[in-house]
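With JSON, C-alpha atoms and all ligand atoms inside, this is protein.json:
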```json
[["chain", "number", "residue", "atom", "x", "y", "z"],
["A", 549, "MET", "CA", -35.76, -84.95, 173.36],
["A", 550, "THR", "CA", -33.43, -86.23, 170.63],
["A", 551, "PHE", "CA", -33.67, -89.93, 169.99],
["A", 552, "VAL", "CA", -30.25, -91.50, 170.68],
["A", 553, "THR", "CA", -29.47, -95.16, 170.14],
["A", 554, "ARG", "CA", -26.34, -97.20, 169.70],
["A", 555, "PHE", "CA", -24.83, -100.37, 168.30],
["A", 556, "ALA", "CA", -22.49, -101.86, 170.89],
["A", 557, "PRO", "CA", -20.62, -104.89, 169.57],
["A", 558, "SER", "CA", -17.88, -106.72, 171.46],
["A", 559, "PRO", "CA", -14.89, -107.37, 169.21],
["A", 560, "THR", "CA", -14.53, -111.01, 170.20],
["A", 561, "GLY", "CA", -15.17, -112.38, 166.72],
["A", 562, "LEU", "CA", -16.38, -111.46, 163.26],
["A", 563, "LEU", "CA", -19.87, -110.01, 162.84],
["A", 564, "HIS", "CA", -22.57, -112.21, 161.31],
["A", 565, "ARG", "CA", -26.03, -111.62, 159.85],
["A", 566, "GLY", "CA", -27.52, -111.27, 163.34],
["A", 567, "HIS", "CA", -25.26, -108.32, 164.07],
["A", 568, "ALA", "CA", -26.08, -106.77, 160.70],
["A", 569, "PHE", "CA", -29.79, -107.06, 161.54],
["A", 570, "SER", "CA", -29.25, -105.47, 164.95],
["A", 571, "ALA", "CA", -27.07, -102.61, 163.66],
["A", 572, "LEU", "CA", -29.44, -101.91, 160.76],
["A", 573, "THR", "CA", -32.50, -101.98, 163.05],
["A", 574, "ALA", "CA", -30.93, -99.41, 165.39],
["A", 575, "TRP", "CA", -29.55, -97.23, 162.59],
["A", 576, "THR", "CA", -32.85, -97.22, 160.68],
["A", 577, "ALA", "CA", -34.78, -96.32, 163.85],
["A", 578, "ALA", "CA", -32.46, -93.37, 164.52],
["A", 579, "ARG", "CA", -32.40, -92.11, 160.95],
["A", 580, "ALA", "CA", -36.20, -92.40, 160.61],
["A", 581, "VAL", "CA", -36.71, -89.81, 163.36],
["A", 582, "GLY", "CA", -33.65, -87.63, 162.73],
["A", 583, "GLY", "CA", -31.99, -89.08, 165.82],
["A", 584, "ARG", "CA", -28.42, -90.04, 166.63],
["A", 585, "PHE", "CA", -26.81, -93.41, 166.05],
["A", 586, "LEU", "CA", -23.66, -94.15, 168.06],
["A", 587, "LEU", "CA", -21.06, -96.85, 167.67],
["A", 588, "ARG", "CA", -19.63, -98.17, 170.93],
["A", 589, "ILE", "CA", -16.99, -100.89, 171.04],
["A", 590, "GLU", "CA", -17.54, -103.00, 174.15],
["A", 591, "ASP", "CA", -14.00, -104.20, 174.70],
["A", 592, "THR", "CA", -13.78, -104.22, 178.51],
["A", 593, "ASP", "CA", -12.74, -107.88, 178.50],
["A", 594, "PHE", "CA", -9.28, -107.54, 176.98],
["A", 595, "THR", "CA", -8.69, -111.25, 177.49],
["A", 596, "ARG", "CA", -11.19, -111.97, 174.69],
["A", 597, "CYS", "CA", -11.23, -108.86, 172.45],
["A", 598, "ARG", "CA", -8.87, -108.36, 169.53],
["A", 599, "PRO", "CA", -8.09, -105.19, 167.56],
["A", 600, "GLU", "CA", -8.44, -107.05, 164.24],
["A", 601, "TYR", "CA", -12.08, -107.80, 165.05],
["A", 602, "GLU", "CA", -12.68, -104.12, 165.70],
["A", 603, "THR", "CA", -11.13, -103.21, 162.35],
["A", 604, "ALA", "CA", -13.24, -105.86, 160.62],
["A", 605, "LEU", "CA", -16.49, -104.75, 162.25],
["A", 606, "ILE", "CA", -15.94, -101.13, 161.27],
["A", 607, "GLU", "CA", -15.35, -102.29, 157.68],
["A", 608, "ASP", "CA", -18.48, -104.44, 157.84],
["A", 609, "LEU", "CA", -20.64, -101.56, 159.07],
["A", 610, "ALA", "CA", -19.29, -99.20, 156.42],
["A", 611, "TRP", "CA", -19.95, -101.89, 153.78],
["A", 612, "LEU", "CA", -23.53, -102.15, 155.05],
["A", 613, "GLY", "CA", -23.87, -98.43, 154.37],
["A", 614, "LEU", "CA", -24.12, -97.37, 158.01],
["A", 615, "ASP", "CA", -22.72, -94.14, 159.36],
["A", 616, "TRP", "CA", -22.52, -93.10, 162.99],
["A", 617, "ASP", "CA", -22.58, -89.81, 164.83],
["A", 618, "GLY", "CA", -19.53, -88.63, 166.73],
["A", 619, "PRO", "CA", -16.39, -90.61, 167.37],
["A", 620, "VAL", "CA", -16.35, -94.36, 167.99],
["A", 621, "VAL", "CA", -16.31, -94.87, 171.76],
["A", 622, "ARG", "CA", -14.08, -97.65, 173.07],
["A", 623, "GLN", "CA", -14.87, -98.94, 176.51],
["A", 624, "SER", "CA", -11.23, -99.90, 177.04],
["A", 625, "GLU", "CA", -10.53, -96.16, 177.16],
["A", 626, "ARG", "CA", -13.20, -95.49, 179.79],
["A", 627, "ARG", "CA", -12.14, -97.92, 182.45],
["A", 628, "ALA", "CA", -11.79, -95.20, 185.12],
["A", 629, "ALA", "CA", -15.51, -94.32, 184.86],
["A", 630, "TYR", "CA", -16.55, -97.97, 185.31],
["A", 631, "ASP", "CA", -14.15, -98.56, 188.18],
["A", 632, "ALA", "CA", -15.54, -95.44, 189.89],
["A", 633, "ALA", "CA", -19.03, -96.97, 189.61],
["A", 634, "LEU", "CA", -17.68, -100.25, 190.99],
["A", 635, "ASP", "CA", -16.12, -98.35, 193.91],
["A", 636, "ARG", "CA", -19.42, -96.63, 194.59],
["A", 637, "LEU", "CA", -21.24, -99.96, 194.72],
["A", 638, "ARG", "CA", -18.59, -101.37, 197.01],
["A", 639, "GLU", "CA", -18.92, -98.38, 199.35],
["A", 640, "MET", "CA", -22.68, -98.90, 199.42],
["A", 641, "GLY", "CA", -22.06, -102.41, 200.74],
["A", 642, "VAL", "CA", -23.85, -104.22, 197.90],
["A", 643, "LEU", "CA", -20.79, -106.11, 196.61],
["A", 644, "TYR", "CA", -18.91, -109.05, 198.04],
["A", 645, "ARG", "CA", -15.81, -110.95, 197.05],
["A", 646, "CYS", "CA", -16.17, -114.36, 195.45],
["A", 647, "PHE", "CA", -13.01, -116.47, 195.51],
["A", 648, "ARG", "CA", -14.41, -119.46, 193.66],
["A", 649, "THR", "CA", -12.83, -120.32, 190.34],
["A", 650, "ARG", "CA", -14.95, -120.90, 187.26],
["A", 651, "LYS", "CA", -14.16, -124.61, 187.56],
["A", 652, "GLU", "CA", -15.39, -124.74, 191.15],
["A", 653, "LEU", "CA", -18.56, -122.91, 190.18],
["A", 654, "MET", "CA", -19.21, -125.32, 187.33],
["A", 655, "ALA", "CA", -18.77, -128.26, 189.65],
["A", 656, "LEU", "CA", -21.22, -126.69, 192.14],
["A", 657, "ALA", "CA", -23.74, -126.28, 189.33],
["A", 658, "GLY", "CA", -23.43, -129.96, 188.48],
["A", 659, "GLY", "CA", -21.34, -129.26, 185.40],
["A", 660, "ALA", "CA", -24.10, -127.31, 183.66],
["A", 661, "PRO", "CA", -22.57, -124.60, 181.52],
["A", 662, "HIS", "CA", -24.63, -121.74, 182.98],
["A", 663, "ALA", "CA", -22.02, -119.17, 182.17],
["A", 664, "ASP", "CA", -22.44, -117.27, 178.96],
["A", 665, "ASP", "CA", -20.38, -114.53, 177.39],
["A", 666, "LEU", "CA", -21.94, -111.71, 179.30],
["A", 667, "THR", "CA", -22.76, -113.04, 182.72],
["A", 668, "ASP", "CA", -19.35, -114.61, 183.18],
["A", 669, "ALA", "CA", -20.35, -117.50, 185.40],
["A", 670, "GLY", "CA", -22.77, -115.11, 187.01],
["A", 671, "ALA", "CA", -25.78, -117.28, 187.72],
["A", 672, "PHE", "CA", -24.48, -118.25, 191.11],
["A", 673, "THR", "CA", -25.04, -116.88, 194.55],
["A", 674, "CYS", "CA", -22.06, -117.74, 196.74],
["A", 675, "GLY", "CA", -22.72, -115.21, 199.49],
["A", 676, "PRO", "CA", -19.96, -113.39, 201.35],
["A", 677, "LEU", "CA", -17.49, -115.45, 203.37],
["A", 678, "PRO", "CA", -17.00, -115.00, 207.09],
["A", 679, "ALA", "CA", -14.60, -112.06, 207.64],
["A", 680, "ALA", "CA", -11.74, -114.14, 209.06],
["A", 681, "GLU", "CA", -11.86, -116.65, 206.18],
["A", 682, "GLU", "CA", -11.95, -113.81, 203.67],
["A", 683, "ALA", "CA", -9.03, -112.02, 205.32],
["A", 684, "ALA", "CA", -6.97, -115.22, 205.15],
["A", 685, "LEU", "CA", -7.68, -115.68, 201.44],
["A", 686, "ILE", "CA", -6.80, -112.03, 200.72],
["A", 687, "ALA", "CA", -3.58, -112.42, 202.71],
["A", 688, "ASP", "CA", -2.78, -115.51, 200.58],
["A", 689, "GLY", "CA", -3.25, -113.41, 197.44],
["A", 690, "LYS", "CA", -6.10, -115.60, 196.20],
["A", 691, "PRO", "CA", -7.84, -113.91, 193.23],
["A", 692, "PHE", "CA", -11.50, -112.96, 193.52],
["A", 693, "ALA", "CA", -14.36, -111.40, 191.60],
["A", 694, "TRP", "CA", -16.88, -108.86, 192.90],
["A", 695, "ARG", "CA", -20.47, -110.05, 192.92],
["A", 696, "LEU", "CA", -23.52, -107.87, 193.34],
["A", 697, "SER", "CA", -25.53, -109.12, 196.30],
["A", 698, "LEU", "CA", -29.18, -109.10, 195.25],
["A", 699, "ALA", "CA", -30.19, -109.38, 198.89],
["A", 700, "ALA", "CA", -28.20, -106.25, 199.80],
["A", 701, "ALA", "CA", -29.36, -104.41, 196.67],
["A", 702, "SER", "CA", -32.98, -105.27, 197.43],
["A", 703, "ASP", "CA", -32.61, -104.02, 201.02],
["A", 704, "ARG", "CA", -31.13, -100.79, 199.84],
["A", 705, "LEU", "CA", -33.74, -100.24, 197.12],
["A", 706, "GLY", "CA", -36.73, -101.41, 199.15],
["A", 707, "GLY", "CA", -37.30, -104.39, 196.84],
["A", 708, "PHE", "CA", -37.26, -104.53, 193.05],
["A", 709, "GLU", "CA", -41.01, -104.03, 192.42],
["A", 710, "ARG", "CA", -40.63, -100.35, 191.60],
["A", 711, "LEU", "CA", -37.82, -100.93, 189.12],
["A", 712, "THR", "CA", -39.57, -100.81, 185.77],
["A", 713, "TRP", "CA", -38.75, -99.99, 182.18],
["A", 714, "VAL", "CA", -40.65, -99.58, 178.96],
["A", 715, "GLU", "CA", -40.20, -102.33, 176.38],
["A", 716, "GLU", "CA", -41.29, -101.35, 172.90],
["A", 717, "THR", "CA", -40.57, -104.37, 170.73],
["A", 718, "ALA", "CA", -40.53, -107.82, 172.33],
["A", 719, "ASP", "CA", -43.83, -108.25, 174.16],
["A", 720, "PRO", "CA", -44.28, -104.48, 174.58],
["A", 721, "GLY", "CA", -45.32, -102.88, 177.85],
["A", 722, "VAL", "CA", -43.99, -101.81, 181.20],
["A", 723, "LYS", "CA", -41.65, -104.46, 182.59],
["A", 724, "THR", "CA", -40.49, -105.01, 186.15],
["A", 725, "ALA", "CA", -36.94, -106.07, 187.02],
["A", 726, "ARG", "CA", -36.63, -109.71, 187.96],
["A", 727, "PRO", "CA", -32.90, -110.14, 188.45],
["A", 728, "GLU", "CA", -33.15, -113.24, 190.64],
["A", 729, "ALA", "CA", -32.66, -115.68, 187.76],
["A", 730, "LEU", "CA", -29.18, -114.24, 187.19],
["A", 731, "GLY", "CA", -28.14, -114.73, 190.79],
["A", 732, "ASP", "CA", -25.46, -112.57, 192.34],
["A", 733, "MET", "CA", -23.83, -111.51, 189.12],
["A", 734, "VAL", "CA", -20.12, -110.88, 188.72],
["A", 735, "VAL", "CA", -19.78, -107.15, 188.11],
["A", 736, "GLY", "CA", -16.04, -106.79, 188.59],
["A", 737, "ARG", "CA", -13.07, -109.05, 188.00],
["A", 738, "LYS", "CA", -9.57, -108.94, 189.31],
["A", 739, "ASP", "CA", -8.07, -108.92, 185.81],
["A", 740, "ILE", "CA", -10.34, -106.55, 183.89],
["A", 741, "GLY", "CA", -12.00, -104.55, 186.67],
["A", 742, "ALA", "CA", -15.64, -103.54, 186.11],
["A", 743, "GLY", "CA", -17.25, -105.69, 183.41],
["A", 744, "TYR", "CA", -19.97, -105.46, 180.79],
["A", 745, "VAL", "CA", -23.10, -104.80, 182.89],
["A", 746, "ILE", "CA", -21.59, -101.84, 184.71],
["A", 747, "ALA", "CA", -19.86, -100.44, 181.62],
["A", 748, "SER", "CA", -23.03, -100.58, 179.55],
["A", 749, "VAL", "CA", -25.26, -98.76, 182.07],
["A", 750, "VAL", "CA", -22.58, -96.15, 182.76],
["A", 751, "ASP", "CA", -22.11, -95.51, 179.04],
["A", 752, "ASP", "CA", -25.79, -95.51, 178.10],
["A", 753, "ALA", "CA", -26.19, -92.73, 180.67],
["A", 754, "ALA", "CA", -22.98, -90.87, 179.75],
["A", 755, "GLN", "CA", -23.87, -90.96, 176.06],
["A", 756, "GLY", "CA", -27.47, -89.86, 176.61],
["A", 757, "VAL", "CA", -28.88, -93.03, 175.04],
["A", 758, "THR", "CA", -32.67, -92.77, 175.02],
["A", 759, "HIS", "CA", -33.38, -96.11, 173.28],
["A", 760, "VAL", "CA", -31.44, -99.33, 173.69],
["A", 761, "ILE", "CA", -32.06, -101.44, 170.59],
["A", 762, "ARG", "CA", -30.55, -104.93, 170.73],
["A", 763, "GLY", "CA", -31.31, -108.63, 170.50],
["A", 764, "GLU", "CA", -33.82, -110.32, 172.77],
["A", 765, "ASP", "CA", -31.07, -112.54, 174.19],
["A", 766, "LEU", "CA", -30.32, -109.56, 176.45],
["A", 767, "ILE", "CA", -33.81, -109.20, 177.95],
["A", 768, "GLN", "CA", -32.83, -110.99, 181.13],
["A", 769, "THR", "CA", -29.69, -108.87, 181.51],
["A", 770, "THR", "CA", -31.93, -105.78, 181.39],
["A", 771, "SER", "CA", -33.23, -106.67, 184.86],
["A", 772, "MET", "CA", -29.72, -106.51, 186.24],
["A", 773, "GLN", "CA", -28.98, -103.32, 184.36],
["A", 774, "ARG", "CA", -32.15, -101.79, 185.80],
["A", 775, "VAL", "CA", -30.97, -102.65, 189.32],
["A", 776, "LEU", "CA", -27.59, -101.03, 188.62],
["A", 777, "GLN", "CA", -29.28, -97.92, 187.22],
["A", 778, "ALA", "CA", -31.26, -97.60, 190.43],
["A", 779, "LEU", "CA", -28.21, -98.09, 192.65],
["A", 780, "LEU", "CA", -26.07, -95.66, 190.65],
["A", 781, "ASP", "CA", -28.84, -93.06, 190.14],
["A", 782, "LEU", "CA", -28.67, -93.40, 186.36],
["A", 783, "PRO", "CA", -31.57, -92.82, 183.96],
["A", 784, "THR", "CA", -33.40, -95.76, 182.39],
["A", 785, "PRO", "CA", -33.69, -95.71, 178.60],
["A", 786, "VAL", "CA", -36.54, -97.25, 176.63],
["A", 787, "TYR", "CA", -35.69, -100.78, 175.44],
["A", 788, "ARG", "CA", -36.40, -102.43, 172.11],
["A", 789, "HIS", "CA", -35.34, -106.05, 172.14],
["A", 790, "HIS", "CA", -35.67, -107.36, 168.61],
["A", 791, "ARG", "CA", -36.07, -110.96, 167.53],
["A", 792, "LEU", "CA", -32.96, -113.04, 166.87],
["A", 793, "LEU", "CA", -32.24, -114.30, 163.40],
["A", 794, "LEU", "CA", -32.07, -118.04, 163.01],
["A", 795, "GLY", "CA", -29.75, -119.93, 160.69],
["A", 796, "GLN", "CA", -30.85, -122.75, 158.39],
["A", 797, "ASP", "CA", -30.41, -125.21, 161.26],
["A", 798, "GLY", "CA", -32.98, -123.25, 163.28],
["A", 799, "LYS", "CA", -30.33, -122.14, 165.79],
["A", 800, "ARG", "CA", -29.45, -118.53, 166.37],
["A", 801, "TYR", "CA", -26.35, -117.20, 164.67],
["A", 802, "ALA", "CA", -23.23, -117.28, 166.79],
["A", 803, "LYS", "CA", -19.80, -115.79, 166.31],
["A", 804, "ARG", "CA", -18.22, -119.21, 166.18],
["A", 805, "ASP", "CA", -20.17, -120.11, 163.03],
["A", 806, "GLY", "CA", -17.58, -118.70, 160.62],
["A", 807, "SER", "CA", -19.47, -119.53, 157.44],
["A", 808, "VAL", "CA", -22.00, -116.73, 157.85],
["A", 809, "THR", "CA", -19.73, -113.85, 158.80],
["A", 810, "LEU", "CA", -20.30, -110.57, 157.01],
["A", 811, "MET", "CA", -16.69, -110.74, 155.88],
["A", 812, "ALA", "CA", -17.36, -114.09, 154.21],
["A", 813, "LEU", "CA", -20.47, -112.69, 152.53],
["A", 814, "ARG", "CA", -18.54, -109.66, 151.32],
["A", 815, "GLU", "CA", -15.78, -111.87, 149.97],
["A", 816, "ALA", "CA", -18.32, -114.10, 148.23],
["A", 817, "GLY", "CA", -19.54, -111.04, 146.32],
["A", 818, "VAL", "CA", -22.85, -110.55, 148.13],
["A", 819, "THR", "CA", -23.77, -106.87, 148.06],
["A", 820, "ALA", "CA", -25.00, -104.89, 151.05],
["A", 821, "ARG", "CA", -28.22, -104.20, 149.14],
["A", 822, "GLU", "CA", -28.83, -107.96, 148.69],
["A", 823, "LEU", "CA", -28.17, -108.64, 152.35],
["A", 824, "ARG", "CA", -30.47, -105.84, 153.46],
["A", 825, "ALA", "CA", -33.21, -107.16, 151.20],
["A", 826, "GLU", "CA", -32.75, -110.63, 152.70],
["A", 827, "LEU", "CA", -32.86, -109.26, 156.27],
["A", 828, "GLY", "CA", -35.77, -106.96, 155.53],
["A", 829, "VAL", "CA", -34.20, -103.86, 157.11],
["B", 901, "LIG", "N1", -21.75, -105.89, 173.70],
["B", 901, "LIG", "C1", -22.96, -106.64, 173.75],
["B", 901, "LIG", "C2", -22.91, -107.75, 172.73],
["B", 901, "LIG", "O1", -22.11, -107.71, 171.82],
["B", 901, "LIG", "C3", -24.18, -105.81, 173.43],
["B", 901, "LIG", "C4", -24.68, -105.11, 174.60],
["B", 901, "LIG", "C5", -25.83, -104.17, 174.39],
["B", 901, "LIG", "O2", -26.25, -103.89, 173.25],
["B", 901, "LIG", "O3", -26.28, -103.66, 175.40],
["B", 901, "LIG", "O4", -23.65, -108.68, 172.82]]
```
Please lay out the structure from this file as C-alpha cells.
Amino acid sequence: MTFVTRFAPSPTGLLHRGHAFSALTAWTAARAVGGRFLLRIEDTDFTRCRPEYETALIEDLAWLGLDWDGPVVRQSERRAAYDAALDRLREMGVLYRCFRTRKELMALAGGAPHADDLTDAGAFTCGPLPAAEEAALIADGKPFAWRLSLAAASDRLGGFERLTWVEETADPGVKTARPEALGDMVVGRKDIGAGYVIASVVDDAAQGVTHVIRGEDLIQTTSMQRVLQALLDLPTPVYRHHRLLLGQDGKRYAKRDGSVTLMALREAGVTARELRAELGV
C-alpha cells in the first residue's frame, strides 16, 4: 500500500516555525518511503479564513523546499461531501440541535474559555431540547448548531471500547477512543455547515491518507474523529502526533505571535536551509 500523508493547514493566519516543523515532518516521512505528500487547505470556516493567508502559506512551503503531489485541495470546494456526511449523521439520529450562543455556553462553563479553534465551544453537552420547545425556537428562526450526541453514538456503536487506532509517534501503541472529554462536539454550524472534524475524516478517507502526521495538540480530537469514522464507515489511518515546538518563553508557537512567522523569517534573510537545521528536520 502506498504511504499517503498530508499537511492540512487552516489559512487563518501566517505559518510559524511549528507549522514548518509539521509540514517538514510529514513531507520527509512521505519522501523517505517513496510515498505521497498532499497539501489540503482546511478553509471550511470562511468566517476566519482569508485568501491572502493561503497565498502566503503556499509561498512559505515552496520556500521551505517542499513539493506536493496532485493539486492543492481546498475544503471550501468540497462542502457538498461534508454536508452529505452531516445529513447521514442526522438521519442516524446521533445529532441534535443546540440553540445556545457561545456567550451562553461560556457563562454556563463559569467563564472558562474551553473553546479552542477546532472544537468551537464544543466541550459542552447541552442535550436535545424537548420537541415542543425546539419547534418553537425553529419557528422563531433562532440559529442553532448541530452537536454529536456521544450517548446516541455510543448506543449505535455498542460503546467506544472497540474504536482503536495505531499511534506511532507520541506514546506509541494501540489507542482507544475516549471522546468524553470533548463533550457533545459541534459538528455542523448554521453559517458554515459541516465543520473541521467531519471535513477532515471525510477528506482523509477520500484522499486515501494512510498516515495522519500532525501536532500532538490534536490527540484528543483523534478520539472524536475515530467515532465519526466508525459512524460513517470510513477507514482509520495510522496517526503520528509529533511534539510541539516551544518558543523562548516555553509556550507553544501560536499564529497570533507574529514575530516568528515564516514570512518574517524569510524577510529577515533566514534561509530555508538554516531553518531546517534549527528544526532538525
Ligand atoms: N487544519 C488543522 C490545523 O491547522 C490541522 C488538522 C489536521 O492535521 O488534521 O490545525
TODO: Calculate how many Å separate CA of Val642 (chain A) from CA of Gly736 (chain A), rounding to one decimal.
DONE: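 Result for CA of Val642 (chain A) versus CA of Gly736 (chain A): 12.4 Å, one decimal.
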Task: Coordinates-based distance that separates CA of Ser624 (chain A) from CA of Asp752 (chain A) (Å, one decimal) - done: 15.2 Å
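Straight-line separation from CA of Ser748 (chain A) to atom C4 of ligand LIG 901 (chain B): 6.9 Å.
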TODO: Could you give me, as a list of chain:residue names, every polymer residue with an atom at most 7 Å away from an atom of ligand LIG 901 (chain B), counting all atoms listed in the file?
DONE: A:Phe555, A:Ala556, A:Pro557, A:Ser558, A:Glu590, A:Ser748, A:Val760, A:Ile761, A:Arg762
Task: Polymer residues at most 6 Å from region 601-612 of chain A, only C-alpha atoms, same-chain spacing of 3 or more positions, as a ChimeraX atom specification - done: /A:559,561-562,598,820
Open item on the list: Could you check the closest approach to Thr592 (chain A) for each of A:Val552, A:Leu711, A:Leu823, A:Val735 and tell me which residue wins, using only C-alpha atoms?
Closed with: A:Val735
Distance query region 740-746 of chain A at most 7 Å, all atoms listed in the file, self and fewer than 2 positions along chain excluded, as a tab-separated table (two decimals) with C-alpha atoms, keeping the file's coordinate frame:
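The new file out-v4.tsv reads:
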```
chain	number	residue	atom	x	y	z
A	592	THR	CA	-13.78	-104.22	178.51
A	593	ASP	CA	-12.74	-107.88	178.50
A	630	TYR	CA	-16.55	-97.97	185.31
A	631	ASP	CA	-14.15	-98.56	188.18
A	634	LEU	CA	-17.68	-100.25	190.99
A	666	LEU	CA	-21.94	-111.71	179.30
A	735	VAL	CA	-19.78	-107.15	188.11
A	736	GLY	CA	-16.04	-106.79	188.59
A	737	ARG	CA	-13.07	-109.05	188.00
A	738	LYS	CA	-9.57	-108.94	189.31
A	748	SER	CA	-23.03	-100.58	179.55
A	749	VAL	CA	-25.26	-98.76	182.07
A	750	VAL	CA	-22.58	-96.15	182.76
A	773	GLN	CA	-28.98	-103.32	184.36
```
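Using only C-alpha atoms, the protein and nucleic acid residues lying no more than 8 Å from region 780-782 of chain A, apart from those fewer than 2 places from it along its own chain, are A:Ala633, A:Arg636, A:Leu637, A:Val749, A:Val750, A:Ala753, A:Leu776, A:Gln777, A:Ala778, A:Thr784.
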Open item on the list: Counting only C-alpha atoms, which residue out of A:Gly707, A:Gly731, A:Arg650, A:Ala718 sits closest to Leu766 (chain A)?
Closed with: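 Counting only C-alpha atoms, the residue closest to Leu766 (chain A) is A:Ala718.
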Task: Nearest to Pro678 (chain A), chosen from A:Leu827, A:Leu696, A:Ala568, A:Cys646, with only C-alpha atoms counted in the distances - done: A:Cys646
Open item on the list: Distance cut-off 6 Å, centre (-32.6, -102.9, 191.5) in file coordinates, counting all atoms listed in the file: which residues qualify? Return them as a ChimeraX atom specification.
Closed with: /A:708,774-775,778
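Proximity ranking of A:Phe569, A:Phe594, A:Phe692, A:Tyr787 relative to Leu677 (chain A) places A:Phe692 first, based on only C-alpha atoms.
For the set A:Gly613, A:Gly763, A:Pro599, A:Pro720, the residue with the smallest atom-to-atom gap to Thr576 (chain A) is A:Gly613, counting all atoms listed in the file.
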TODO: Please determine the residues with any atom at most 12 Å from (-33.7, -96.7, 170.8) (coordinates as given in the file, with only C-alpha atoms counting) and report them as a VMD selection string.
DONE: chain A and resid 550 to 555 570 to 571 573 to 581 583 to 586 714 to 717 752 756 to 762 784 to 790
Writing out the chosen residues with C-alpha atoms as a PDB file, in the coordinates of the input:
```
ATOM      1  CA  THR A 550     -33.430 -86.230 170.630  1.00  0.00           C
ATOM      2  CA  PHE A 551     -33.670 -89.930 169.990  1.00  0.00           C
ATOM      3  CA  VAL A 552     -30.250 -91.500 170.680  1.00  0.00           C
ATOM      4  CA  THR A 553     -29.470 -95.160 170.140  1.00  0.00           C
ATOM      5  CA  ARG A 554     -26.340 -97.200 169.700  1.00  0.00           C
ATOM      6  CA  PHE A 555     -24.830-100.370 168.300  1.00  0.00           C
ATOM      7  CA  SER A 570     -29.250-105.470 164.950  1.00  0.00           C
ATOM      8  CA  ALA A 571     -27.070-102.610 163.660  1.00  0.00           C
ATOM      9  CA  THR A 573     -32.500-101.980 163.050  1.00  0.00           C
ATOM     10  CA  ALA A 574     -30.930 -99.410 165.390  1.00  0.00           C
ATOM     11  CA  TRP A 575     -29.550 -97.230 162.590  1.00  0.00           C
ATOM     12  CA  THR A 576     -32.850 -97.220 160.680  1.00  0.00           C
ATOM     13  CA  ALA A 577     -34.780 -96.320 163.850  1.00  0.00           C
ATOM     14  CA  ALA A 578     -32.460 -93.370 164.520  1.00  0.00           C
ATOM     15  CA  ARG A 579     -32.400 -92.110 160.950  1.00  0.00           C
ATOM     16  CA  ALA A 580     -36.200 -92.400 160.610  1.00  0.00           C
ATOM     17  CA  VAL A 581     -36.710 -89.810 163.360  1.00  0.00           C
ATOM     18  CA  GLY A 583     -31.990 -89.080 165.820  1.00  0.00           C
ATOM     19  CA  ARG A 584     -28.420 -90.040 166.630  1.00  0.00           C
ATOM     20  CA  PHE A 585     -26.810 -93.410 166.050  1.00  0.00           C
ATOM     21  CA  LEU A 586     -23.660 -94.150 168.060  1.00  0.00           C
ATOM     22  CA  VAL A 714     -40.650 -99.580 178.960  1.00  0.00           C
ATOM     23  CA  GLU A 715     -40.200-102.330 176.380  1.00  0.00           C
ATOM     24  CA  GLU A 716     -41.290-101.350 172.900  1.00  0.00           C
ATOM     25  CA  THR A 717     -40.570-104.370 170.730  1.00  0.00           C
ATOM     26  CA  ASP A 752     -25.790 -95.510 178.100  1.00  0.00           C
ATOM     27  CA  GLY A 756     -27.470 -89.860 176.610  1.00  0.00           C
ATOM     28  CA  VAL A 757     -28.880 -93.030 175.040  1.00  0.00           C
ATOM     29  CA  THR A 758     -32.670 -92.770 175.020  1.00  0.00           C
ATOM     30  CA  HIS A 759     -33.380 -96.110 173.280  1.00  0.00           C
ATOM     31  CA  VAL A 760     -31.440 -99.330 173.690  1.00  0.00           C
ATOM     32  CA  ILE A 761     -32.060-101.440 170.590  1.00  0.00           C
ATOM     33  CA  ARG A 762     -30.550-104.930 170.730  1.00  0.00           C
ATOM     34  CA  THR A 784     -33.400 -95.760 182.390  1.00  0.00           C
ATOM     35  CA  PRO A 785     -33.690 -95.710 178.600  1.00  0.00           C
ATOM     36  CA  VAL A 786     -36.540 -97.250 176.630  1.00  0.00           C
ATOM     37  CA  TYR A 787     -35.690-100.780 175.440  1.00  0.00           C
ATOM     38  CA  ARG A 788     -36.400-102.430 172.110  1.00  0.00           C
ATOM     39  CA  HIS A 789     -35.340-106.050 172.140  1.00  0.00           C
ATOM     40  CA  HIS A 790     -35.670-107.360 168.610  1.00  0.00           C
TER      41      HIS A 790
END
```
Open item on the list: At a cut-off of 6 Å, using all atoms listed in the file, what residues contact Leu563 (chain A)? Leave out same-chain residues fewer than 3 positions from it and give the result as a list in words.
Closed with: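 After dropping sequence-adjacent residues, the list is His567, Thr809 and Leu810 of chain A.
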Task: Shell around Asp732 (chain A) at 9 Å using only C-alpha atoms, local window under 6 positions removed, as JSON, numbers by chain - done: {"A": [670, 671, 672, 673, 674, 675, 695, 696, 697, 698, 699]}
- [ ] Determine the nearest neighbour of Asp615 (chain A) from the options A:Leu587, A:Ile767, A:Leu685, A:Leu705, counting all atoms listed in the file.
- [x] A:Leu587
